[in-house]
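To be precise, the following lines are final05.tsv, and they hold TSV, C-alpha atoms and all ligand atoms.
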chain	number	residue	atom	x	y	z
D	1	MET	CA	98.95	84.68	72.99
D	2	ARG	CA	97.86	87.96	71.39
D	3	THR	CA	94.62	89.17	72.93
D	4	PRO	CA	92.34	91.96	71.64
D	5	VAL	CA	94.06	94.45	73.98
D	6	CYS	CA	97.31	93.81	72.04
D	7	GLU	CA	95.58	94.94	68.86
D	8	LEU	CA	94.12	97.95	70.66
D	9	LEU	CA	97.51	99.09	71.98
D	10	GLY	CA	99.62	97.90	69.05
D	11	ILE	CA	101.79	95.57	71.17
D	12	GLU	CA	102.98	92.02	70.68
D	13	TYR	CA	102.55	90.62	74.20
D	14	PRO	CA	99.95	91.68	76.80
D	15	ILE	CA	102.45	92.66	79.50
D	16	LEU	CA	102.40	96.28	80.68
D	17	ALA	CA	105.00	97.68	83.04
D	18	PHE	CA	104.40	100.72	85.22
D	19	SER	CA	107.65	102.42	86.18
D	20	HIS	CA	108.98	105.84	87.15
D	21	CYS	CA	112.14	104.94	85.29
D	22	ARG	CA	112.48	105.69	81.59
D	23	ASP	CA	114.98	102.86	81.04
D	24	VAL	CA	112.47	100.26	82.29
D	25	VAL	CA	109.73	101.79	80.13
D	26	ALA	CA	111.86	101.69	77.00
D	27	ALA	CA	113.20	98.17	77.73
D	28	VAL	CA	109.72	96.67	78.18
D	29	SER	CA	108.31	98.38	75.09
D	30	ARG	CA	111.30	97.25	73.02
D	31	ALA	CA	110.74	93.67	74.26
D	32	GLY	CA	107.21	93.71	72.81
D	33	GLY	CA	105.16	94.71	75.86
D	34	MET	CA	104.29	98.26	76.86
D	35	GLY	CA	106.20	100.42	79.32
D	36	VAL	CA	104.16	103.12	81.05
D	37	LEU	CA	106.05	106.03	82.64
D	38	GLY	CA	104.71	107.27	86.00
D	39	ALA	CA	104.65	111.05	85.53
D	40	LEU	CA	103.70	112.04	89.07
D	41	VAL	CA	107.27	112.34	90.31
D	42	TYR	CA	108.27	114.80	87.58
D	43	THR	CA	107.87	118.51	87.00
D	44	PRO	CA	106.63	119.37	83.49
D	45	ASP	CA	110.20	120.21	82.36
D	46	GLU	CA	111.56	116.96	83.72
D	47	LEU	CA	108.75	114.99	82.10
D	48	GLU	CA	109.53	116.60	78.76
D	49	ARG	CA	113.16	115.49	79.13
D	50	GLU	CA	112.24	111.91	80.13
D	51	LEU	CA	109.79	111.50	77.25
D	52	ALA	CA	112.24	112.93	74.72
D	53	TRP	CA	114.75	110.31	75.92
D	54	ILE	CA	112.17	107.51	75.60
D	55	ASP	CA	111.31	108.67	72.06
D	56	GLU	CA	114.99	108.30	71.19
D	57	ASN	CA	115.38	104.89	72.81
D	58	VAL	CA	112.17	102.98	72.24
D	59	ASP	CA	112.77	102.00	68.59
D	60	GLY	CA	109.36	103.36	67.59
D	61	LYS	CA	107.55	100.87	69.85
D	62	PRO	CA	104.37	101.94	71.70
D	63	TYR	CA	104.64	103.30	75.24
D	64	GLY	CA	102.35	105.07	77.70
D	65	VAL	CA	102.25	107.68	80.45
D	66	ASP	CA	100.48	107.45	83.81
D	67	VAL	CA	99.21	110.51	85.67
D	68	VAL	CA	97.31	110.87	88.93
D	69	ILE	CA	94.41	113.28	88.78
D	70	PRO	CA	92.32	112.35	91.81
D	71	ALA	CA	88.55	112.67	91.36
D	72	ALA	CA	88.24	113.96	94.94
D	73	TYR	CA	90.74	115.87	97.08
D	74	VAL	CA	90.77	118.63	99.67
D	75	GLY	CA	90.63	122.05	97.98
D	76	LYS	CA	88.94	120.86	94.80
D	77	GLU	CA	85.71	122.74	95.61
D	78	GLN	CA	87.66	125.93	96.27
D	79	GLY	CA	89.07	125.85	92.74
D	80	GLY	CA	92.21	123.83	93.33
D	81	LEU	CA	95.08	123.60	95.76
D	82	GLU	CA	96.71	126.72	94.35
D	83	LYS	CA	93.88	128.79	95.84
D	84	LEU	CA	94.54	127.60	99.38
D	85	ASP	CA	97.04	128.71	101.98
D	86	LEU	CA	98.75	125.33	102.08
D	87	GLU	CA	100.79	125.96	105.22
D	88	LYS	CA	97.64	126.64	107.26
D	89	LEU	CA	96.04	123.36	106.20
D	90	VAL	CA	98.42	121.20	108.21
D	91	PRO	CA	97.39	121.06	111.89
D	92	ASP	CA	100.03	122.03	114.46
D	93	GLU	CA	99.85	118.60	116.09
D	94	HIS	CA	100.99	116.97	112.84
D	95	LYS	CA	103.87	119.43	112.51
D	96	ALA	CA	104.89	118.77	116.13
D	97	PHE	CA	104.63	114.97	115.69
D	98	LEU	CA	106.89	115.09	112.65
D	99	GLU	CA	109.47	117.36	114.26
D	100	ASP	CA	109.63	115.07	117.28
D	101	LEU	CA	109.87	111.98	115.07
D	102	LEU	CA	112.75	113.40	113.03
D	103	GLU	CA	114.55	114.47	116.16
D	104	ARG	CA	114.21	111.03	117.73
D	105	TYR	CA	115.69	109.44	114.59
D	106	ASP	CA	118.47	112.05	114.28
D	107	VAL	CA	117.32	113.34	110.89
D	108	PRO	CA	118.89	116.76	110.28
D	109	LYS	CA	117.26	119.72	108.51
D	110	LEU	CA	117.96	120.09	104.78
D	111	SER	CA	120.84	122.33	103.89
D	112	ASP	CA	119.92	125.45	101.92
D	113	ASP	CA	121.36	124.09	98.68
D	114	VAL	CA	118.98	121.09	98.57
D	115	GLU	CA	116.14	121.82	96.21
D	116	ASN	CA	112.73	121.37	97.84
D	117	LYS	CA	110.49	120.07	95.09
D	118	GLU	CA	106.93	121.39	95.10
D	119	GLY	CA	105.73	117.83	94.61
D	120	LEU	CA	102.35	118.47	96.17
D	121	LEU	CA	100.98	120.34	93.20
D	122	SER	CA	101.39	117.20	91.07
D	123	TRP	CA	98.22	116.07	92.83
D	124	SER	CA	96.29	119.06	91.59
D	125	ASP	CA	94.16	119.34	88.51
D	126	THR	CA	96.38	122.15	87.16
D	127	MET	CA	99.65	120.25	87.46
D	128	GLY	CA	98.05	116.99	86.34
D	129	ARG	CA	96.85	118.79	83.22
D	130	ALA	CA	100.27	120.36	82.60
D	131	LEU	CA	101.80	116.86	82.67
D	132	VAL	CA	99.07	115.48	80.38
D	133	GLU	CA	99.66	118.30	77.91
D	134	ILE	CA	103.38	117.49	77.74
D	135	ALA	CA	102.66	113.77	77.40
D	136	MET	CA	100.23	114.33	74.55
D	137	ASN	CA	102.89	116.16	72.55
D	138	HIS	CA	104.83	112.90	72.40
D	139	PRO	CA	103.85	109.81	70.41
D	140	ILE	CA	102.29	108.05	73.42
D	141	LYS	CA	99.77	105.30	72.73
D	142	LEU	CA	98.25	105.08	76.21
D	143	LEU	CA	97.35	107.58	78.92
D	144	ALA	CA	96.53	106.01	82.28
D	145	ASN	CA	95.00	107.67	85.33
D	146	ALA	CA	94.77	106.48	88.92
D	147	LEU	CA	92.33	107.49	91.66
D	148	GLY	CA	89.16	108.09	89.68
D	149	PRO	CA	87.94	108.67	86.14
D	150	PRO	CA	90.13	111.05	84.12
D	151	PRO	CA	88.34	114.36	83.39
D	152	ALA	CA	85.99	114.05	80.35
D	153	ASP	CA	87.83	116.65	78.25
D	154	ILE	CA	91.13	114.81	78.72
D	155	ILE	CA	89.55	111.56	77.50
D	156	GLU	CA	88.12	113.43	74.52
D	157	THR	CA	91.44	115.05	73.57
D	158	ALA	CA	93.29	111.75	73.96
D	159	HIS	CA	90.82	109.97	71.71
D	160	ALA	CA	91.04	112.73	69.11
D	161	LYS	CA	94.81	112.11	69.00
D	162	GLY	CA	94.36	108.32	68.76
D	163	ILE	CA	95.61	107.78	72.34
D	164	LYS	CA	93.85	105.06	74.32
D	165	VAL	CA	92.89	105.81	77.92
D	166	ALA	CA	93.28	103.42	80.86
D	167	ALA	CA	92.14	103.80	84.45
D	168	LEU	CA	93.08	101.93	87.62
D	169	VAL	CA	90.31	100.60	89.87
D	170	GLY	CA	90.11	98.61	93.07
D	171	ARG	CA	86.37	97.83	93.02
D	172	ALA	CA	83.82	96.66	90.43
D	173	ASP	CA	81.56	99.70	90.95
D	174	GLN	CA	84.52	102.01	90.23
D	175	ALA	CA	85.16	100.02	87.05
D	176	LEU	CA	81.57	100.56	85.89
D	177	LYS	CA	81.95	104.32	86.39
D	178	GLN	CA	85.11	104.24	84.30
D	179	LYS	CA	83.34	102.33	81.56
D	180	THR	CA	80.57	104.95	81.51
D	181	SER	CA	83.12	107.76	81.26
D	182	GLY	CA	84.53	106.22	78.06
D	183	VAL	CA	87.78	104.65	79.28
D	184	ASP	CA	89.23	102.09	76.79
D	185	VAL	CA	91.09	99.78	79.18
D	186	ILE	CA	90.41	99.03	82.84
D	187	VAL	CA	93.26	98.06	85.17
D	188	ALA	CA	91.88	96.01	88.06
D	189	ALA	CA	94.43	96.42	90.85
D	190	GLY	CA	94.05	94.04	93.78
D	191	TYR	CA	94.93	94.31	97.45
D	192	GLU	CA	98.39	92.77	96.92
D	193	ALA	CA	99.53	95.62	94.67
D	194	GLY	CA	102.27	98.13	95.41
D	195	GLY	CA	101.12	101.75	95.69
D	196	HIS	CA	97.49	102.77	96.15
D	197	THR	CA	95.34	99.75	96.60
D	198	GLY	CA	91.88	98.75	97.74
D	199	GLU	CA	90.70	95.92	99.95
D	200	VAL	CA	89.72	93.30	97.39
D	201	SER	CA	92.31	90.71	96.36
D	202	THR	CA	93.33	90.29	92.71
D	203	MET	CA	91.82	86.77	92.68
D	204	VAL	CA	88.38	88.12	93.59
D	205	LEU	CA	88.56	91.52	91.90
D	206	VAL	CA	89.58	90.57	88.37
D	207	PRO	CA	86.62	88.30	87.45
D	208	GLU	CA	84.21	90.75	89.12
D	209	VAL	CA	85.56	93.63	87.03
D	210	VAL	CA	85.77	91.54	83.84
D	211	ASP	CA	82.08	90.63	84.18
D	212	ALA	CA	81.05	94.17	85.15
D	213	VAL	CA	82.65	96.00	82.22
D	214	ALA	CA	82.58	93.46	79.35
D	215	PRO	CA	83.42	93.93	76.52
D	216	VAL	CA	85.88	96.61	77.73
D	217	PRO	CA	89.28	94.88	78.12
D	218	VAL	CA	90.65	94.40	81.63
D	219	LEU	CA	94.29	94.17	82.68
D	220	ALA	CA	94.97	92.40	85.98
D	221	ALA	CA	97.29	94.10	88.47
D	222	GLY	CA	98.53	93.30	91.94
D	223	GLY	CA	100.82	90.44	92.83
D	224	ILE	CA	101.84	89.59	89.27
D	225	GLY	CA	105.56	89.00	88.80
D	226	SER	CA	105.84	85.61	87.13
D	227	GLY	CA	104.41	83.62	84.24
D	228	ARG	CA	102.36	81.44	86.59
D	229	GLN	CA	100.75	84.53	88.07
D	230	MET	CA	100.17	85.87	84.57
D	231	ALA	CA	98.48	82.60	83.56
D	232	ALA	CA	96.23	82.84	86.62
D	233	ALA	CA	95.30	86.42	85.70
D	234	MET	CA	94.43	85.38	82.14
D	235	ALA	CA	92.37	82.46	83.51
D	236	LEU	CA	90.39	85.01	85.54
D	237	GLY	CA	89.38	86.72	82.28
D	238	ALA	CA	92.02	89.45	82.05
D	239	GLN	CA	93.33	90.22	78.57
D	240	GLY	CA	96.76	91.08	79.92
D	241	VAL	CA	98.72	92.11	83.00
D	242	TRP	CA	99.72	95.48	84.44
D	243	THR	CA	102.80	95.06	86.59
D	244	GLY	CA	104.64	97.50	88.86
D	245	SER	CA	106.72	96.17	91.75
D	246	ILE	CA	108.61	93.52	89.80
D	247	TRP	CA	110.52	96.19	87.83
D	248	LEU	CA	111.93	97.81	90.98
D	249	THR	CA	114.63	95.14	91.20
D	250	THR	CA	115.73	95.39	87.59
D	251	LYS	CA	119.11	96.84	86.71
D	252	GLU	CA	117.41	99.57	84.66
D	253	ALA	CA	115.42	100.83	87.69
D	254	GLY	CA	118.57	102.52	88.97
D	255	ASN	CA	117.61	102.45	92.65
D	256	GLU	CA	120.08	103.26	95.39
D	257	SER	CA	121.86	100.11	96.57
D	258	THR	CA	120.32	100.39	100.06
D	259	VAL	CA	116.83	100.43	98.52
D	260	THR	CA	117.65	97.47	96.28
D	261	ASP	CA	119.08	95.54	99.24
D	262	ARG	CA	115.93	96.18	101.27
D	263	LEU	CA	113.72	95.00	98.41
D	264	LEU	CA	115.80	91.88	97.74
D	265	ALA	CA	115.74	90.90	101.41
D	266	ALA	CA	112.02	91.52	102.07
D	267	THR	CA	109.47	88.70	102.28
D	268	SER	CA	105.85	88.81	101.15
D	269	ASN	CA	104.94	89.37	104.79
D	270	ASP	CA	106.94	92.59	105.07
D	271	THR	CA	104.50	95.03	103.44
D	272	VAL	CA	101.64	97.02	104.91
D	273	ARG	CA	98.81	99.18	103.56
D	274	SER	CA	99.39	102.58	105.09
D	275	ARG	CA	97.87	106.07	104.69
D	276	SER	CA	101.06	107.65	105.99
D	277	ILE	CA	102.33	109.02	102.67
D	278	THR	CA	99.41	110.26	100.59
D	279	GLY	CA	96.44	109.99	102.94
D	280	LYS	CA	94.99	107.12	100.90
D	281	PRO	CA	95.94	103.49	101.61
D	282	ALA	CA	99.07	102.54	99.69
D	283	ARG	CA	101.16	99.38	100.02
D	284	MET	CA	104.79	99.78	101.07
D	285	LEU	CA	107.44	98.01	103.12
D	286	LYS	CA	106.84	98.01	106.86
D	287	SER	CA	109.25	100.49	108.43
D	288	LYS	CA	109.65	102.68	111.48
D	289	TRP	CA	107.79	105.33	109.46
D	290	THR	CA	104.65	103.18	108.99
D	291	GLU	CA	104.94	101.92	112.58
D	292	GLU	CA	105.22	105.42	114.09
D	293	TRP	CA	102.17	106.63	112.17
D	294	GLU	CA	100.20	103.75	113.71
D	295	GLY	CA	101.69	104.32	117.18
D	296	PRO	CA	100.07	105.85	120.28
D	297	GLU	CA	101.73	109.28	119.73
D	298	SER	CA	100.50	109.58	116.14
D	299	PRO	CA	97.83	112.17	115.33
D	300	GLY	CA	96.75	109.89	112.45
D	301	PRO	CA	97.22	110.57	108.74
D	302	LEU	CA	95.39	113.50	107.09
D	303	PRO	CA	93.15	113.15	104.01
D	304	MET	CA	94.65	113.37	100.52
D	305	PRO	CA	96.55	115.49	99.61
D	306	LEU	CA	97.20	117.05	103.02
D	307	GLN	CA	99.16	114.08	104.32
D	308	PHE	CA	101.54	114.47	101.42
D	309	LEU	CA	101.80	118.19	102.11
D	310	ALA	CA	102.44	117.53	105.80
D	311	THR	CA	105.10	114.92	105.17
D	312	ALA	CA	106.83	116.00	101.93
D	313	ASP	CA	109.55	117.98	103.69
D	314	ALA	CA	110.09	115.29	106.35
D	315	GLU	CA	110.24	112.59	103.70
D	316	GLN	CA	112.85	114.52	101.76
D	317	ARG	CA	114.90	115.03	104.93
D	318	VAL	CA	114.71	111.30	105.67
D	319	ARG	CA	115.70	110.38	102.11
D	320	THR	CA	118.63	112.79	102.12
D	321	ALA	CA	119.93	111.52	105.48
D	322	ALA	CA	119.40	107.88	104.47
D	323	LEU	CA	121.34	108.46	101.26
D	324	ALA	CA	124.14	110.00	103.29
D	325	GLY	CA	124.31	106.69	105.20
D	326	SER	CA	122.43	107.44	108.43
D	327	PRO	CA	121.21	104.04	109.77
D	328	SER	CA	118.44	105.62	111.88
D	329	ALA	CA	117.13	107.58	108.88
D	330	GLN	CA	117.21	104.40	106.81
D	331	LYS	CA	114.79	102.81	109.26
D	332	LEU	CA	112.31	105.61	108.53
D	333	THR	CA	112.60	105.35	104.74
D	334	VAL	CA	109.46	104.74	102.73
D	335	THR	CA	109.67	102.02	100.06
D	336	ILE	CA	106.55	101.53	98.00
D	337	VAL	CA	106.16	97.93	96.82
D	338	GLY	CA	103.58	95.13	96.71
D	339	GLN	CA	103.49	91.68	98.28
D	340	ILE	CA	105.30	90.23	95.25
D	341	VAL	CA	108.45	91.68	96.83
D	342	GLY	CA	108.90	88.28	98.51
D	343	SER	CA	109.72	86.78	95.10
D	344	MET	CA	112.01	89.62	94.03
D	345	ASN	CA	115.30	88.09	95.12
D	346	GLN	CA	117.71	88.94	92.31
D	347	LEU	CA	118.72	92.08	90.48
D	348	LEU	CA	118.07	91.26	86.80
D	349	PRO	CA	117.95	93.07	83.47
D	350	ALA	CA	114.37	94.13	82.60
D	351	ARG	CA	114.55	92.20	79.34
D	352	GLN	CA	115.27	88.98	81.27
D	353	VAL	CA	112.39	89.55	83.70
D	354	PHE	CA	110.14	90.10	80.69
D	355	SER	CA	111.24	87.01	78.75
D	356	GLU	CA	111.17	84.76	81.84
D	357	MET	CA	107.61	85.88	82.58
D	358	LEU	CA	106.59	85.20	79.01
D	359	ASP	CA	108.29	81.77	78.84
D	360	GLU	CA	106.86	80.66	82.16
D	361	TYR	CA	103.42	81.82	81.06
D	362	LEU	CA	103.62	79.73	77.88
D	363	ASP	CA	104.94	76.67	79.78
D	364	THR	CA	102.17	76.98	82.37
D	365	VAL	CA	99.44	77.22	79.77
D	366	ASP	CA	100.96	74.20	77.96
D	367	GLN	CA	101.04	72.18	81.16
D	368	MET	CA	97.45	73.06	81.94
D	369	ALA	CA	96.37	72.10	78.43
D	370	GLN	CA	98.20	68.77	78.82
D	371	GLN	CA	96.47	68.14	82.14
D	372	VAL	CA	93.10	68.73	80.49
D	373	GLY	CA	94.11	66.42	77.61
D	374	GLU	CA	95.19	63.65	79.98
D	375	ASN	CA	91.96	63.97	81.97
D	376	GLU	CA	89.89	63.79	78.80
D	377	GLU	CA	91.75	60.65	77.69
D	378	GLY	CA	90.97	59.13	81.05
D	379	VAL	CA	87.22	59.81	80.79
D	401	LIG	C1	106.89	102.24	93.54
D	401	LIG	C2	105.50	102.27	92.97
D	401	LIG	C3	104.93	103.49	92.66
D	401	LIG	C4	103.65	103.53	92.10
D	401	LIG	N1	103.13	104.75	91.73
D	401	LIG	C5	102.00	104.77	90.99
D	401	LIG	C6	101.55	105.99	90.39
D	401	LIG	O1	102.15	107.07	90.54
D	401	LIG	N2	100.44	105.94	89.62
D	401	LIG	C7	99.74	104.77	89.40
D	401	LIG	O2	98.77	104.76	88.66
D	401	LIG	N3	100.14	103.61	89.98
D	401	LIG	C8	101.25	103.59	90.74
D	401	LIG	N4	101.67	102.40	91.28
D	401	LIG	C9	100.85	101.19	91.12
D	401	LIG	C10	101.13	100.47	89.79
D	401	LIG	O3	100.58	101.22	88.73
D	401	LIG	C11	100.49	99.08	89.75
D	401	LIG	O4	99.09	99.19	89.82
D	401	LIG	C12	100.95	98.14	90.84
D	401	LIG	O5	102.34	98.24	91.03
D	401	LIG	C13	100.57	96.70	90.46
D	401	LIG	O6	100.81	95.81	91.49
D	401	LIG	P1	102.25	95.10	91.75
D	401	LIG	O7	103.05	96.15	92.42
D	401	LIG	O8	101.93	93.95	92.62
D	401	LIG	O9	102.79	94.71	90.40
D	401	LIG	C14	102.92	102.33	91.88
D	401	LIG	C15	103.50	101.11	92.23
D	401	LIG	C16	104.77	101.05	92.76
D	401	LIG	C17	105.37	99.71	93.11

What would the structure in this file look like if it were written as structure tokens?
Amino acid sequence: MRTPVCELLGIEYPILAFSHCRDVVAAVSRAGGMGVLGALVYTPDELERELAWIDENVDGKPYGVDVVIPAAYVGKEQGGLEKLDLEKLVPDEHKAFLEDLLERYDVPKLSDDVENKEGLLSWSDTMGRALVEIAMNHPIKLLANALGPPPADIIETAHAKGIKVAALVGRADQALKQKTSGVDVIVAAGYEAGGHTGEVSTMVLVPEVVDAVAPVPVLAAGGIGSGRQMAAAMALGAQGVWTGSIWLTTKEAGNESTVTDRLLAATSNDTVRSRSITGKPARMLKSKWTEEWEGPESPGPLPMPLQFLATADAEQRVRTAALAGSPSAQKLTVTIVGQIVGSMNQLLPARQVFSEMLDEYLDTVDQMAQQVGENEEGV
């Protein structure tokens, strides 16, 4: 079951797990796959702490880090977000819409002692680079980037340190660009996926990307949470799978119980692609938040990263109130997840999710081989 991408990344099984949670990353890497830590939610100091913990707990197994340095965003031409007066970039009608929304759902202002994280700057080149610099001082084996090719100098530095570079794509033409820029592994993420996602389904996207970028290895992403789905991805020509949502309902993910309950109860029909968080389409659970942004009063989401800037404070207020138990705030909560959520019905240890996926994959491939054998005997 080892594929060339296993050799390239130094892993035993071609299962990669994207997670913001260090425990999931370490558990998957220890099990023989590769955990990839999503760095976007961390400040440089926090990232340093998380990676130091992983180094201590990963038993020397390979792991990766994922950053988001968008190829295009508002303010890039002006030299970066730091050069702009951020407050002035959000139109008054968006501010008014949000204030009204929070009032209607009884979401109070944050108290002065709640830290307001300057999360927006994670989207900038400067902050992205600060995170990459920290990551590269740890023994990472893979650096992944979403939303466009990673800057050329970052690819060069990674390669000089023996770190492989991966990039997420949602279209075959994007994959070709990534190949030209020297990326080692392409992650083809289909429409079903949690988080940012394009319009082409995994079933259609993966073979298109595999053919477009051969011999560069492709990992299939989007809607993969079981061994049968993994077998399908491998049949489409992928050398492995890149999974995200499935780890959200593992014990290691450490989500709040209300979030876990929502995920466990949701069906595959309960997600929507919405621009309401980052300005680019991302898949999440349907909620009053996604509904209100589509409603008649909505001014419509702003382009990346302004939507995030406009909503960061509101989102933090909602999260704080929801955590404190406010039912109306809970209705507004944003929960990023893919369509596979419909199959996520039990809170399990990450190691079990991993081994069940692997076992089911092997059984499925066996069954398929038997079917072919039986058919041949019948000919
Ligand atoms: C909660 C959540 C947050 C995500 N955040 C990021 C991110 O910051 N960077 C990134 O490259 N991908 C992110 N993704 C997408 C994953 O990398 C992956 O492509 C996706 O989860 C695969 O589809 P699946 O959710 O059906 O497994 C996120 C996914 C989820 C579920």

Please, what is the axis-aligned box for every listed atom of ligand LIG 401 (chain D) with 8 Å on each side, as centre and edge lengths in Å to one decimal, as AutoDock Vina command-line options?
--center_x 102.8 --center_y 100.5 --center_z 91.1 --size_x 24.1 --size_y 29.1 --size_z 20.9

Tell me, counting all atoms listed in the file, for each residue of chain D within 9 Å of ligand LIG 401 (chain D), which pair of atoms is nearest and how far apart they are in Å to one decimal, in rows ordered by chain and increasing number, as a Markdown table.
| residue | atom | partner | partner_atom | distance |
| --- | --- | --- | --- | --- |
| D:Ala17 | CA | D:LIG401 | O3 | 8.0 |
| D:Phe18 | CA | D:LIG401 | O3 | 5.2 |
| D:Ser19 | CA | D:LIG401 | C3 | 7.1 |
| D:His20 | CA | D:LIG401 | C3 | 7.2 |
| D:Val36 | CA | D:LIG401 | O3 | 8.7 |
| D:Leu37 | CA | D:LIG401 | O1 | 8.9 |
| D:Gly38 | CA | D:LIG401 | O1 | 5.2 |
| D:Ala39 | CA | D:LIG401 | O1 | 6.9 |
| D:Leu40 | CA | D:LIG401 | O1 | 5.4 |
| D:Val41 | CA | D:LIG401 | O1 | 7.4 |
| D:Asp66 | CA | D:LIG401 | O2 | 5.8 |
| D:Val67 | CA | D:LIG401 | N2 | 6.2 |
| D:Val68 | CA | D:LIG401 | N2 | 5.9 |
| D:Ala144 | CA | D:LIG401 | O2 | 6.9 |
| D:Asn145 | CA | D:LIG401 | O2 | 5.8 |
| D:Ala146 | CA | D:LIG401 | O2 | 4.4 |
| D:Leu147 | CA | D:LIG401 | O2 | 7.6 |
| D:Ala167 | CA | D:LIG401 | O2 | 7.9 |
| D:Leu168 | CA | D:LIG401 | O2 | 6.4 |
| D:Val169 | CA | D:LIG401 | O4 | 8.9 |
| D:Val187 | CA | D:LIG401 | O4 | 7.5 |
| D:Ala188 | CA | D:LIG401 | O4 | 8.1 |
| D:Ala189 | CA | D:LIG401 | O4 | 5.5 |
| D:Gly190 | CA | D:LIG401 | O6 | 7.4 |
| D:Tyr191 | CA | D:LIG401 | O6 | 8.5 |
| D:Glu192 | CA | D:LIG401 | O8 | 5.7 |
| D:Ala193 | CA | D:LIG401 | O6 | 3.4 |
| D:Gly194 | CA | D:LIG401 | O7 | 3.7 |
| D:Gly195 | CA | D:LIG401 | C15 | 4.2 |
| D:His196 | CA | D:LIG401 | C9 | 6.3 |
| D:Thr197 | CA | D:LIG401 | O4 | 7.8 |
| D:Ala220 | CA | D:LIG401 | C13 | 8.4 |
| D:Ala221 | CA | D:LIG401 | C13 | 4.6 |
| D:Gly222 | CA | D:LIG401 | O6 | 3.4 |
| D:Gly223 | CA | D:LIG401 | O8 | 3.7 |
| D:Ile224 | CA | D:LIG401 | O9 | 5.3 |
| D:Gly225 | CA | D:LIG401 | O9 | 6.5 |
| D:Val241 | CA | D:LIG401 | O9 | 8.8 |
| D:Trp242 | CA | D:LIG401 | C13 | 6.2 |
| D:Thr243 | CA | D:LIG401 | O9 | 3.8 |
| D:Gly244 | CA | D:LIG401 | O5 | 3.2 |
| D:Ser245 | CA | D:LIG401 | O7 | 3.7 |
| D:Ile246 | CA | D:LIG401 | O9 | 6.0 |
| D:Trp247 | CA | D:LIG401 | C17 | 8.2 |
| D:Leu248 | CA | D:LIG401 | C17 | 7.2 |
| D:Ala282 | CA | D:LIG401 | C14 | 8.7 |
| D:Arg283 | CA | D:LIG401 | C17 | 8.1 |
| D:Met284 | CA | D:LIG401 | C17 | 8.0 |
| D:Thr335 | CA | D:LIG401 | C1 | 7.1 |
| D:Ile336 | CA | D:LIG401 | C1 | 4.5 |
| D:Val337 | CA | D:LIG401 | C17 | 4.2 |
| D:Gly338 | CA | D:LIG401 | O7 | 4.4 |
| D:Gln339 | CA | D:LIG401 | O8 | 6.3 |
| D:Ile340 | CA | D:LIG401 | O8 | 5.7 |
| D:Val341 | CA | D:LIG401 | O8 | 8.1 |

Quick one: which stretch 278-297 of chain D residues come within 10 Å of stretch 303-308 of chain D, and what is the nearest atom pair for each with the distance in Å to one decimal, counting all atoms listed in the file, rows ordered by chain and ascending number, as a Markdown table?
| residue | atom | partner | partner_atom | distance |
| --- | --- | --- | --- | --- |
| D:Thr278 | CA | D:Phe308 | CA | 4.8 |
| D:Gly279 | CA | D:Met304 | CA | 4.5 |
| D:Lys280 | CA | D:Met304 | CA | 6.3 |

Do you know which residues are at most 10 Å from D:Ile140 counting only C-alpha atoms, after dropping those on the same chain fewer than 6 positions away, and could you put them as a ChimeraX atom specification?
/D:36,51,55,61-65,158,161-164

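Closest approach to D:Gly325 among D:Thr258, D:Gln370, D:Gln346, D:Met34: D:Thr258, based on only C-alpha atoms.
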
In Å and to one decimal, atom CA of D:Gly33 is distant from atom CA of D:Ile54 by 14.6 Å

At what distance in Å, to one decimal, does atom CA of D:Leu176 lie from atom CA of D:Val213?
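Computing it gives 6.0 Å between the two atoms.
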
Identify, on the basis of only C-alpha atoms, every residue whose closest approach to D:Glu50 does not exceed 9 Å; exclude the query and any residue fewer than 6 positions from it along the same chain; express the result as a PyMOL selection string.
chain D and resi 21-22+37+42

Residues within 12 Å of (117.4, 90.6, 83.9), file coords, all atoms listed in the file, listed as a ChimeraX atom specification:
/D:24,27-28,246-253,344-357

Using only C-alpha atoms: which of D:Lys109, D:Lys95, D:Arg262, D:Arg228 has the shortest distance to D:Ser298
D:Lys95

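For D:Glu7, the non-local neighbours within 12 Å, defined as residues at least 2 positions apart in the same chain or in other chains and counting all atoms listed in the file, are Met1, Arg2, Thr3, Pro4, Val5, Leu9, Gly10, Ile11, Glu12, Tyr13, Pro14, Gly33, Pro62, Lys141, Lys164, Pro217, Gln239 and Gly240 of chain D.
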
For a test of reading the model, state the distance in Å between atom CA of D:Gly60 and atom CA of D:Gly32, rounded to one decimal.
11.2 Å

Quick one: of D:Val334, D:Val318, D:Met127, D:Ala329, who's nearest to D:Pro70, counting all atoms listed in the file?
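Of the candidates, the smallest distance to D:Pro70 is held by D:Met127.
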
Skip D:Asp106 itself and residues of its chain fewer than 2 positions away, then list as a list in words all residues within 8 Å of it, counting all atoms listed in the file.
Leu102, Glu103, Arg104, Pro108, Ser328 and Ala329 of chain D
